[in-house]
$ cat upload_5.txt   # compact mmCIF, C-alpha atoms and all ligand atoms
# COMPACT_ATOMS: atom_id res chain seq x y z
CA MET A 1 93.47 74.54 -13.77
CA HIS A 2 93.99 70.85 -13.18
CA ARG A 3 95.58 69.59 -9.98
CA LYS A 4 96.23 65.87 -9.86
CA GLY A 5 93.74 64.04 -7.63
CA THR A 6 91.72 67.12 -6.74
CA THR A 7 89.76 67.84 -9.90
CA PRO A 8 86.28 68.77 -8.70
CA ALA A 9 83.57 66.69 -10.35
CA THR A 10 81.73 69.84 -11.41
CA LEU A 11 84.48 70.70 -13.88
CA ASP A 12 83.43 67.68 -15.91
CA LEU A 13 80.08 69.35 -16.57
CA PHE A 14 81.83 71.85 -18.78
CA ALA A 15 84.06 69.44 -20.65
CA ASP A 16 83.89 69.98 -24.42
CA ASP A 17 82.09 66.74 -25.16
CA SER A 18 79.40 67.09 -22.48
CA PRO A 19 75.85 67.74 -23.70
CA GLN A 20 75.00 71.42 -23.64
CA PRO A 21 72.13 72.45 -21.36
CA LEU A 22 68.93 73.07 -23.30
CA ALA A 23 68.67 76.72 -24.27
CA CYS A 24 65.26 78.01 -23.38
CA GLU A 25 64.12 81.55 -24.13
CA GLN A 26 61.02 82.97 -22.53
CA ILE A 27 59.05 85.14 -24.96
CA GLY A 28 55.89 85.55 -22.86
CA PRO A 29 54.61 84.68 -19.38
CA ARG A 30 53.78 81.17 -20.64
CA SER A 31 55.64 81.12 -23.96
CA PHE A 32 59.01 79.56 -24.61
CA VAL A 33 61.46 78.85 -27.40
CA LEU A 34 63.23 75.53 -26.78
CA ARG A 35 66.32 75.69 -28.96
CA GLY A 36 67.17 72.44 -30.69
CA PHE A 37 64.63 70.49 -28.65
CA ALA A 38 63.45 68.47 -31.68
CA LEU A 39 66.94 67.50 -32.89
CA PRO A 40 67.13 64.14 -31.07
CA PHE A 41 63.78 63.15 -32.65
CA ILE A 42 64.53 64.10 -36.24
CA ASP A 43 65.88 60.79 -37.54
CA ARG A 44 62.56 59.24 -36.58
CA VAL A 45 60.39 62.23 -37.51
CA LEU A 46 61.47 62.49 -41.17
CA PRO A 47 60.44 58.99 -42.32
CA SER A 48 57.14 59.33 -40.44
CA LEU A 49 56.55 62.69 -42.11
CA ALA A 50 57.21 61.16 -45.54
CA SER A 51 54.67 58.44 -44.82
CA VAL A 52 52.03 60.96 -43.69
CA LEU A 53 52.60 63.03 -46.83
CA THR A 54 52.08 60.12 -49.19
CA ARG A 55 48.61 59.70 -47.66
CA ALA A 56 47.80 63.43 -47.25
CA PRO A 57 49.90 65.41 -49.74
CA PHE A 58 50.64 69.11 -49.34
CA ARG A 59 48.13 71.42 -50.96
CA ASN A 60 47.75 75.19 -51.21
CA MET A 61 44.41 76.01 -49.63
CA VAL A 62 42.20 78.98 -50.33
CA THR A 63 41.20 81.34 -47.49
CA PRO A 64 37.58 82.38 -46.96
CA GLY A 65 38.62 85.68 -48.56
CA GLY A 66 39.59 83.85 -51.77
CA ARG A 67 43.37 84.16 -51.41
CA THR A 68 45.50 81.07 -52.15
CA MET A 69 47.89 80.53 -49.23
CA SER A 70 51.62 80.67 -50.05
CA VAL A 71 52.17 78.02 -47.37
CA ALA A 72 51.21 74.48 -48.39
CA LEU A 73 49.37 72.45 -45.75
CA SER A 74 48.69 68.94 -44.63
CA SER A 75 47.62 67.42 -41.31
CA CYS A 76 47.76 64.27 -39.28
CA GLY A 77 45.97 63.14 -36.16
CA GLN A 78 42.27 62.72 -35.44
CA PHE A 79 41.57 66.16 -36.87
CA GLY A 80 43.02 68.14 -39.73
CA TRP A 81 42.71 71.85 -40.29
CA THR A 82 41.25 73.07 -43.55
CA THR A 83 40.18 76.30 -45.11
CA ASP A 84 38.10 77.05 -48.16
CA ARG A 85 35.66 79.72 -49.31
CA SER A 86 33.22 78.65 -46.57
CA GLY A 87 35.64 79.18 -43.65
CA TYR A 88 38.24 77.55 -41.40
CA GLN A 89 37.48 74.28 -39.66
CA TYR A 90 38.80 71.04 -38.23
CA THR A 91 37.61 67.91 -40.01
CA ARG A 92 38.07 64.17 -39.48
CA ILE A 93 38.22 63.58 -43.24
CA ASP A 94 40.75 65.06 -45.62
CA PRO A 95 38.53 66.76 -48.22
CA GLN A 96 41.16 66.14 -50.90
CA THR A 97 41.33 62.36 -50.51
CA GLY A 98 37.97 61.62 -48.90
CA GLN A 99 39.89 59.55 -46.33
CA PRO A 100 40.49 60.15 -42.63
CA TRP A 101 43.65 62.17 -41.96
CA PRO A 102 46.68 59.91 -41.38
CA GLY A 103 47.09 58.98 -37.72
CA MET A 104 49.59 60.92 -35.67
CA PRO A 105 52.90 59.01 -35.72
CA GLU A 106 54.10 57.89 -32.29
CA VAL A 107 57.28 59.98 -32.54
CA PHE A 108 55.25 63.13 -33.32
CA MET A 109 53.18 62.55 -30.20
CA GLU A 110 56.28 61.92 -28.10
CA LEU A 111 57.95 65.08 -29.35
CA ALA A 112 54.87 67.25 -28.77
CA ARG A 113 54.25 65.85 -25.31
CA SER A 114 57.82 66.21 -24.12
CA ALA A 115 58.13 69.77 -25.46
CA ALA A 116 54.86 70.77 -23.78
CA ASP A 117 56.08 69.15 -20.58
CA ALA A 118 59.39 71.04 -20.76
CA ALA A 119 57.45 74.30 -21.11
CA GLY A 120 55.24 73.59 -18.09
CA PHE A 121 52.21 72.00 -19.78
CA ALA A 122 52.34 68.42 -18.52
CA GLY A 123 49.75 65.99 -19.86
CA PHE A 124 49.33 67.46 -23.34
CA VAL A 125 47.68 64.98 -25.73
CA PRO A 126 47.33 66.68 -29.11
CA ASP A 127 44.62 65.45 -31.47
CA ALA A 128 45.73 67.54 -34.44
CA CYS A 129 49.06 68.26 -36.09
CA LEU A 130 49.08 70.82 -38.88
CA ILE A 131 51.99 70.48 -41.24
CA ASN A 132 53.05 73.65 -43.05
CA ARG A 133 55.54 73.82 -45.88
CA TYR A 134 57.21 77.15 -46.68
CA ILE A 135 59.24 77.50 -49.83
CA PRO A 136 61.37 80.67 -50.15
CA GLY A 137 59.01 83.66 -50.34
CA ALA A 138 56.15 81.92 -48.49
CA LYS A 139 54.83 83.65 -45.38
CA MET A 140 52.07 83.47 -42.84
CA SER A 141 50.22 86.64 -41.94
CA LEU A 142 49.56 87.54 -38.30
CA HIS A 143 46.71 85.43 -36.93
CA GLN A 144 45.46 83.74 -33.77
CA ASP A 145 45.03 79.97 -33.46
CA LYS A 146 41.42 80.03 -32.39
CA ASP A 147 39.55 77.35 -34.33
CA GLU A 148 39.99 74.89 -31.45
CA GLN A 149 37.09 74.10 -29.13
CA GLY A 150 38.97 75.27 -26.02
CA TYR A 151 42.21 77.02 -25.22
CA GLU A 152 43.32 75.17 -22.09
CA TRP A 153 46.14 73.39 -23.96
CA PRO A 154 49.11 75.08 -25.58
CA VAL A 155 50.18 75.22 -29.20
CA VAL A 156 53.46 73.35 -29.74
CA SER A 157 55.28 74.42 -32.89
CA ILE A 158 58.26 72.58 -34.40
CA SER A 159 60.57 74.08 -37.02
CA LEU A 160 62.51 71.98 -39.52
CA GLY A 161 64.61 72.89 -42.53
CA ILE A 162 65.60 76.40 -43.58
CA PRO A 163 65.31 79.25 -41.04
CA ALA A 164 62.41 81.65 -40.68
CA MET A 165 61.62 84.79 -38.73
CA PHE A 166 58.68 84.08 -36.43
CA LEU A 167 56.63 87.07 -35.32
CA PHE A 168 55.16 86.83 -31.86
CA GLY A 169 52.63 89.54 -31.10
CA GLY A 170 50.16 90.27 -28.36
CA GLN A 171 46.45 89.84 -27.73
CA LEU A 172 45.58 92.45 -30.36
CA ARG A 173 46.59 92.42 -34.00
CA SER A 174 47.90 95.96 -33.56
CA ASP A 175 50.22 95.02 -30.65
CA ALA A 176 53.97 95.16 -31.20
CA THR A 177 55.60 91.91 -32.36
CA GLN A 178 58.81 90.27 -31.22
CA ARG A 179 60.99 88.82 -33.97
CA VAL A 180 62.16 85.33 -33.12
CA PRO A 181 64.51 83.60 -35.59
CA LEU A 182 63.69 79.89 -35.76
CA PHE A 183 66.09 77.20 -36.94
CA HIS A 184 65.99 73.48 -37.69
CA GLY A 185 64.99 71.66 -34.50
CA ASP A 186 63.67 74.67 -32.57
CA VAL A 187 60.36 74.38 -30.75
CA VAL A 188 58.03 77.19 -29.67
CA VAL A 189 55.32 76.58 -27.07
CA TRP A 190 52.65 79.12 -26.14
CA GLY A 191 49.73 78.50 -23.83
CA GLY A 192 47.81 79.71 -20.79
CA GLU A 193 47.32 83.45 -20.91
CA ASP A 194 49.44 83.56 -24.10
CA ARG A 195 47.38 80.99 -25.97
CA LEU A 196 45.58 83.50 -28.20
CA ARG A 197 48.52 85.75 -28.97
CA PHE A 198 48.84 86.85 -32.59
CA HIS A 199 51.72 85.28 -34.48
CA GLY A 200 52.98 84.87 -38.02
CA VAL A 201 56.01 84.16 -40.18
CA MET A 202 57.87 86.68 -42.37
CA PRO A 203 58.57 85.73 -45.99
CA VAL A 204 61.12 82.91 -45.82
CA LYS A 205 64.49 83.76 -47.35
CA GLN A 206 66.16 81.65 -49.99
CA ALA A 207 68.36 79.03 -48.33
CA GLU A 208 69.09 75.33 -48.53
CA HIS A 209 69.02 72.81 -45.73
CA PRO A 210 71.20 69.68 -46.02
CA GLN A 211 68.33 67.30 -45.15
CA LEU A 212 65.24 69.20 -46.32
CA GLY A 213 66.48 71.27 -49.25
CA GLU A 214 64.90 74.63 -50.05
CA GLN A 215 62.01 74.39 -47.65
CA ARG A 216 60.91 74.96 -44.11
CA ILE A 217 58.51 72.48 -42.55
CA ASN A 218 56.56 73.46 -39.47
CA PHE A 219 54.35 71.28 -37.30
CA THR A 220 51.83 72.82 -34.97
CA PHE A 221 50.30 70.47 -32.47
CA ARG A 222 47.01 71.44 -30.93
CA ARG A 223 44.11 70.02 -28.98
CA ALA A 224 41.24 70.71 -31.38
CA ARG A 225 38.38 69.10 -29.42
C1 LIG B 1 51.32 78.69 -37.66
O1 LIG B 1 51.10 79.68 -37.01
O2 LIG B 1 50.41 77.88 -37.95
C2 LIG B 1 52.69 78.37 -38.18
C3 LIG B 1 53.80 78.97 -37.42
C4 LIG B 1 55.12 78.65 -38.03
O3 LIG B 1 55.18 78.26 -39.20
O4 LIG B 1 56.15 78.81 -37.36
FE FE2 B 2 49.19 79.76 -36.02
$ encode --input "upload_5.txt" --output "structure tokens"
Amino acid sequence: MHRKGTTPATLDLFADDSPQPLACEQIGPRSFVLRGFALPFIDRVLPSLASVLTRAPFRNMVTPGGRTMSVALSSCGQFGWTTDRSGYQYTRIDPQTGQPWPGMPEVFMELARSAADAAGFAGFVPDACLINRYIPGAKMSLHQDKDEQGYEWPVVSISLGIPAMFLFGGQLRSDATQRVPLFHGDVVVWGGEDRLRFHGVMPVKQAEHPQLGEQRINFTFRRAR
């Protein structure tokens, strides 16, 4: 109801054109889904991503068990994550190019830091950003992110492109998993007591995204050393 001259200022907060409050879902004691958090960064993220990928192209790595991953990987930052028959590790050099991994673009750093901050992890300075590309059918089995030197900093995960169903489990592989649908621009942050929780991604369904086509790109920012 609108009465001339007495409209309370608070009503303006709910006007149609006002920015919506950030939707934040808590999925663990120190784990959060920040819906759409990355959207304001995307116009700057995509050109930076393209530049990183020209220097460190996507590749399908082989696990120590000899399986070729359905997800294609790249990295940027001081350290990149690799896997081959000898194991998982962080390296300063991209084994495919023999060059250092591309530096972490400023906008990537800004996005990771502000998402960590919003989830209660102020002061996060990632030194590694893994870049995963899922085409329809690609998946990531349940695993822990545990190749980092310490676990005092969170993992900050950004989803771009077509949707995926993220599985968020517990401290044991056999623990029940929550299913968390992730869309373009969503960010998941898990740290503290949740840092080593098992997680994975169900096979990505066929879909097309207006900017990214038939793919889902995921960044995971970590502090490797
Ligand atoms: C990962 O666990 O490294 C990737 C998670 C995701 O793609 O959402
Ligand atoms: Fe992971």
$ residues_around --input "upload_5.txt" --residues "stretch 175-192 of chain A" --least-positions-apart "5" --cutoff "8 Å" --atoms "all atoms listed in the file" --output "PyMOL selection string"
chain A and resi 28+30-39+42+115-116+119+151-170+199
$ closest_residue --input "upload_5.txt" --among "A:Ala118, A:Met140, A:Ile27, A:Ile135" --to "ligand FE2 2 (chain B)" --atoms "all atoms listed in the file"
A:Met140
$ residues_near_ligand --input "upload_5.txt" --ligand "ligand FE2 2 (chain B)" --cutoff "7 Å" --atoms "only C-alpha atoms and all ligand atoms" --output "MDAnalysis selection string"
chainID A and resid 143:145 199:200
$ atom_distance --input "upload_5.txt" --atom1 "atom CA of A:Leu49" --atom2 "atom CA of A:Cys24"
25.7 Å
$ atom_distance --input "upload_5.txt" --atom1 "atom CA of A:Ser141" --atom2 "atom CA of A:Arg223"
21.9 Å
$ residues_around --input "upload_5.txt" --residues "stretch 64-70 of chain A" --least-positions-apart "3" --cutoff "9 Å" --atoms "all atoms listed in the file" --output "VMD selection string"
chain A and resid 60 to 61 73 83 to 88 133 to 135 137 to 140
$ atom_distance --input "upload_5.txt" --atom1 "atom CA of A:Thr220" --atom2 "atom O3 of ligand LIG 1 (chain B)"
7.7 Å
$ closest_residue --input "upload_5.txt" --among "A:Ala207, A:Val62, A:Met202, A:Ala122" --to "ligand LIG 1 (chain B)" --atoms "all atoms listed in the file"
A:Met202
$ closest_residue --input "upload_5.txt" --among "A:Lys146, A:Arg59, A:Arg92, A:Arg44" --to "ligand LIG 1 (chain B)" --atoms "only C-alpha atoms and all ligand atoms"
A:Lys146
$ axis_aligned_box --input "upload_5.txt" --around "ligand LIG 1 (chain B)" --padding-each-side "3 Å" --output "JSON"
{"center_x": 53.3, "center_y": 78.8, "center_z": -38.1, "size_x": 11.7, "size_y": 7.8, "size_z": 8.2}
$ closest_residue --input "upload_5.txt" --among "A:Thr91, A:Gln96, A:Gln206, A:Asn218" --to "ligand LIG 1 (chain B)" --atoms "all atoms listed in the file"
A:Asn218
$ closest_residue --input "upload_5.txt" --among "A:Leu142, A:Gln149, A:His209, A:Leu172" --to "ligand LIG 1 (chain B)" --atoms "only C-alpha atoms and all ligand atoms"
A:Leu142
$ closest_residue --input "upload_5.txt" --among "A:Gly150, A:Ser75, A:Phe121, A:Ser174" --to "ligand LIG 1 (chain B)" --atoms "only C-alpha atoms and all ligand atoms"
A:Ser75
$ build_atoms --input "upload_5.txt" --residues "stretch 76-102 of chain A" --atoms "N, CA and C atoms" --output "PDB file, keeping the file's coordinate frame"
ATOM      1  N   CYS A  76      47.946  65.641 -39.745  1.00  0.00           N
ATOM      2  CA  CYS A  76      47.760  64.270 -39.280  1.00  0.00           C
ATOM      3  C   CYS A  76      47.169  64.325 -37.880  1.00  0.00           C
ATOM      4  N   GLY A  77      46.668  63.172 -37.443  1.00  0.00           N
ATOM      5  CA  GLY A  77      45.970  63.140 -36.160  1.00  0.00           C
ATOM      6  C   GLY A  77      44.486  62.918 -36.401  1.00  0.00           C
ATOM      7  N   GLN A  78      43.715  62.945 -35.310  1.00  0.00           N
ATOM      8  CA  GLN A  78      42.270  62.720 -35.440  1.00  0.00           C
ATOM      9  C   GLN A  78      41.600  63.805 -36.268  1.00  0.00           C
ATOM     10  N   PHE A  79      42.161  65.027 -36.163  1.00  0.00           N
ATOM     11  CA  PHE A  79      41.570  66.160 -36.870  1.00  0.00           C
ATOM     12  C   PHE A  79      42.610  66.857 -37.732  1.00  0.00           C
ATOM     13  N   GLY A  80      42.160  67.340 -38.876  1.00  0.00           N
ATOM     14  CA  GLY A  80      43.020  68.140 -39.730  1.00  0.00           C
ATOM     15  C   GLY A  80      42.386  69.507 -39.907  1.00  0.00           C
ATOM     16  N   TRP A  81      43.219  70.487 -40.148  1.00  0.00           N
ATOM     17  CA  TRP A  81      42.710  71.850 -40.290  1.00  0.00           C
ATOM     18  C   TRP A  81      42.579  72.181 -41.764  1.00  0.00           C
ATOM     19  N   THR A  82      41.447  72.709 -42.140  1.00  0.00           N
ATOM     20  CA  THR A  82      41.250  73.070 -43.550  1.00  0.00           C
ATOM     21  C   THR A  82      40.645  74.458 -43.658  1.00  0.00           C
ATOM     22  N   THR A  83      40.825  75.025 -44.803  1.00  0.00           N
ATOM     23  CA  THR A  83      40.180  76.300 -45.110  1.00  0.00           C
ATOM     24  C   THR A  83      39.715  76.251 -46.558  1.00  0.00           C
ATOM     25  N   ASP A  84      38.566  76.855 -46.792  1.00  0.00           N
ATOM     26  CA  ASP A  84      38.100  77.050 -48.160  1.00  0.00           C
ATOM     27  C   ASP A  84      37.212  78.295 -48.146  1.00  0.00           C
ATOM     28  N   ARG A  85      36.465  78.504 -49.221  1.00  0.00           N
ATOM     29  CA  ARG A  85      35.660  79.720 -49.310  1.00  0.00           C
ATOM     30  C   ARG A  85      34.632  79.803 -48.174  1.00  0.00           C
ATOM     31  N   SER A  86      34.267  78.630 -47.597  1.00  0.00           N
ATOM     32  CA  SER A  86      33.220  78.650 -46.570  1.00  0.00           C
ATOM     33  C   SER A  86      33.773  78.898 -45.167  1.00  0.00           C
ATOM     34  N   GLY A  87      35.087  78.861 -44.973  1.00  0.00           N
ATOM     35  CA  GLY A  87      35.640  79.180 -43.650  1.00  0.00           C
ATOM     36  C   GLY A  87      36.724  78.204 -43.224  1.00  0.00           C
ATOM     37  N   TYR A  88      37.196  78.401 -41.985  1.00  0.00           N
ATOM     38  CA  TYR A  88      38.240  77.550 -41.400  1.00  0.00           C
ATOM     39  C   TYR A  88      37.559  76.499 -40.546  1.00  0.00           C
ATOM     40  N   GLN A  89      38.052  75.287 -40.566  1.00  0.00           N
ATOM     41  CA  GLN A  89      37.480  74.280 -39.660  1.00  0.00           C
ATOM     42  C   GLN A  89      38.412  73.086 -39.484  1.00  0.00           C
ATOM     43  N   TYR A  90      38.162  72.342 -38.419  1.00  0.00           N
ATOM     44  CA  TYR A  90      38.800  71.040 -38.230  1.00  0.00           C
ATOM     45  C   TYR A  90      37.864  69.965 -38.756  1.00  0.00           C
ATOM     46  N   THR A  91      38.428  69.003 -39.488  1.00  0.00           N
ATOM     47  CA  THR A  91      37.610  67.910 -40.010  1.00  0.00           C
ATOM     48  C   THR A  91      38.294  66.576 -39.693  1.00  0.00           C
ATOM     49  N   ARG A  92      37.509  65.513 -39.656  1.00  0.00           N
ATOM     50  CA  ARG A  92      38.070  64.170 -39.480  1.00  0.00           C
ATOM     51  C   ARG A  92      38.517  63.589 -40.813  1.00  0.00           C
ATOM     52  N   ILE A  93      37.934  64.100 -41.890  1.00  0.00           N
ATOM     53  CA  ILE A  93      38.220  63.580 -43.240  1.00  0.00           C
ATOM     54  C   ILE A  93      39.005  64.637 -44.010  1.00  0.00           C
ATOM     55  N   ASP A  94      40.013  64.172 -44.730  1.00  0.00           N
ATOM     56  CA  ASP A  94      40.750  65.060 -45.620  1.00  0.00           C
ATOM     57  C   ASP A  94      39.885  65.298 -46.853  1.00  0.00           C
ATOM     58  N   PRO A  95      39.435  66.527 -47.094  1.00  0.00           N
ATOM     59  CA  PRO A  95      38.530  66.760 -48.220  1.00  0.00           C
ATOM     60  C   PRO A  95      39.163  66.424 -49.571  1.00  0.00           C
ATOM     61  N   GLN A  96      40.499  66.415 -49.627  1.00  0.00           N
ATOM     62  CA  GLN A  96      41.160  66.140 -50.900  1.00  0.00           C
ATOM     63  C   GLN A  96      41.164  64.651 -51.257  1.00  0.00           C
ATOM     64  N   THR A  97      41.256  63.801 -50.235  1.00  0.00           N
ATOM     65  CA  THR A  97      41.330  62.360 -50.510  1.00  0.00           C
ATOM     66  C   THR A  97      40.031  61.645 -50.162  1.00  0.00           C
ATOM     67  N   GLY A  98      39.185  62.282 -49.364  1.00  0.00           N
ATOM     68  CA  GLY A  98      37.970  61.620 -48.900  1.00  0.00           C
ATOM     69  C   GLY A  98      38.233  60.586 -47.814  1.00  0.00           C
ATOM     70  N   GLN A  99      39.481  60.515 -47.355  1.00  0.00           N
ATOM     71  CA  GLN A  99      39.890  59.550 -46.330  1.00  0.00           C
ATOM     72  C   GLN A  99      40.140  60.262 -45.008  1.00  0.00           C
ATOM     73  N   PRO A 100      40.084  59.527 -43.887  1.00  0.00           N
ATOM     74  CA  PRO A 100      40.490  60.150 -42.630  1.00  0.00           C
ATOM     75  C   PRO A 100      41.929  60.653 -42.741  1.00  0.00           C
ATOM     76  N   TRP A 101      42.260  61.698 -41.993  1.00  0.00           N
ATOM     77  CA  TRP A 101      43.650  62.170 -41.960  1.00  0.00           C
ATOM     78  C   TRP A 101      44.531  61.043 -41.452  1.00  0.00           C
ATOM     79  N   PRO A 102      45.776  60.948 -41.905  1.00  0.00           N
ATOM     80  CA  PRO A 102      46.680  59.910 -41.380  1.00  0.00           C
ATOM     81  C   PRO A 102      46.803  60.061 -39.853  1.00  0.00           C
TER      82      PRO A 102
END
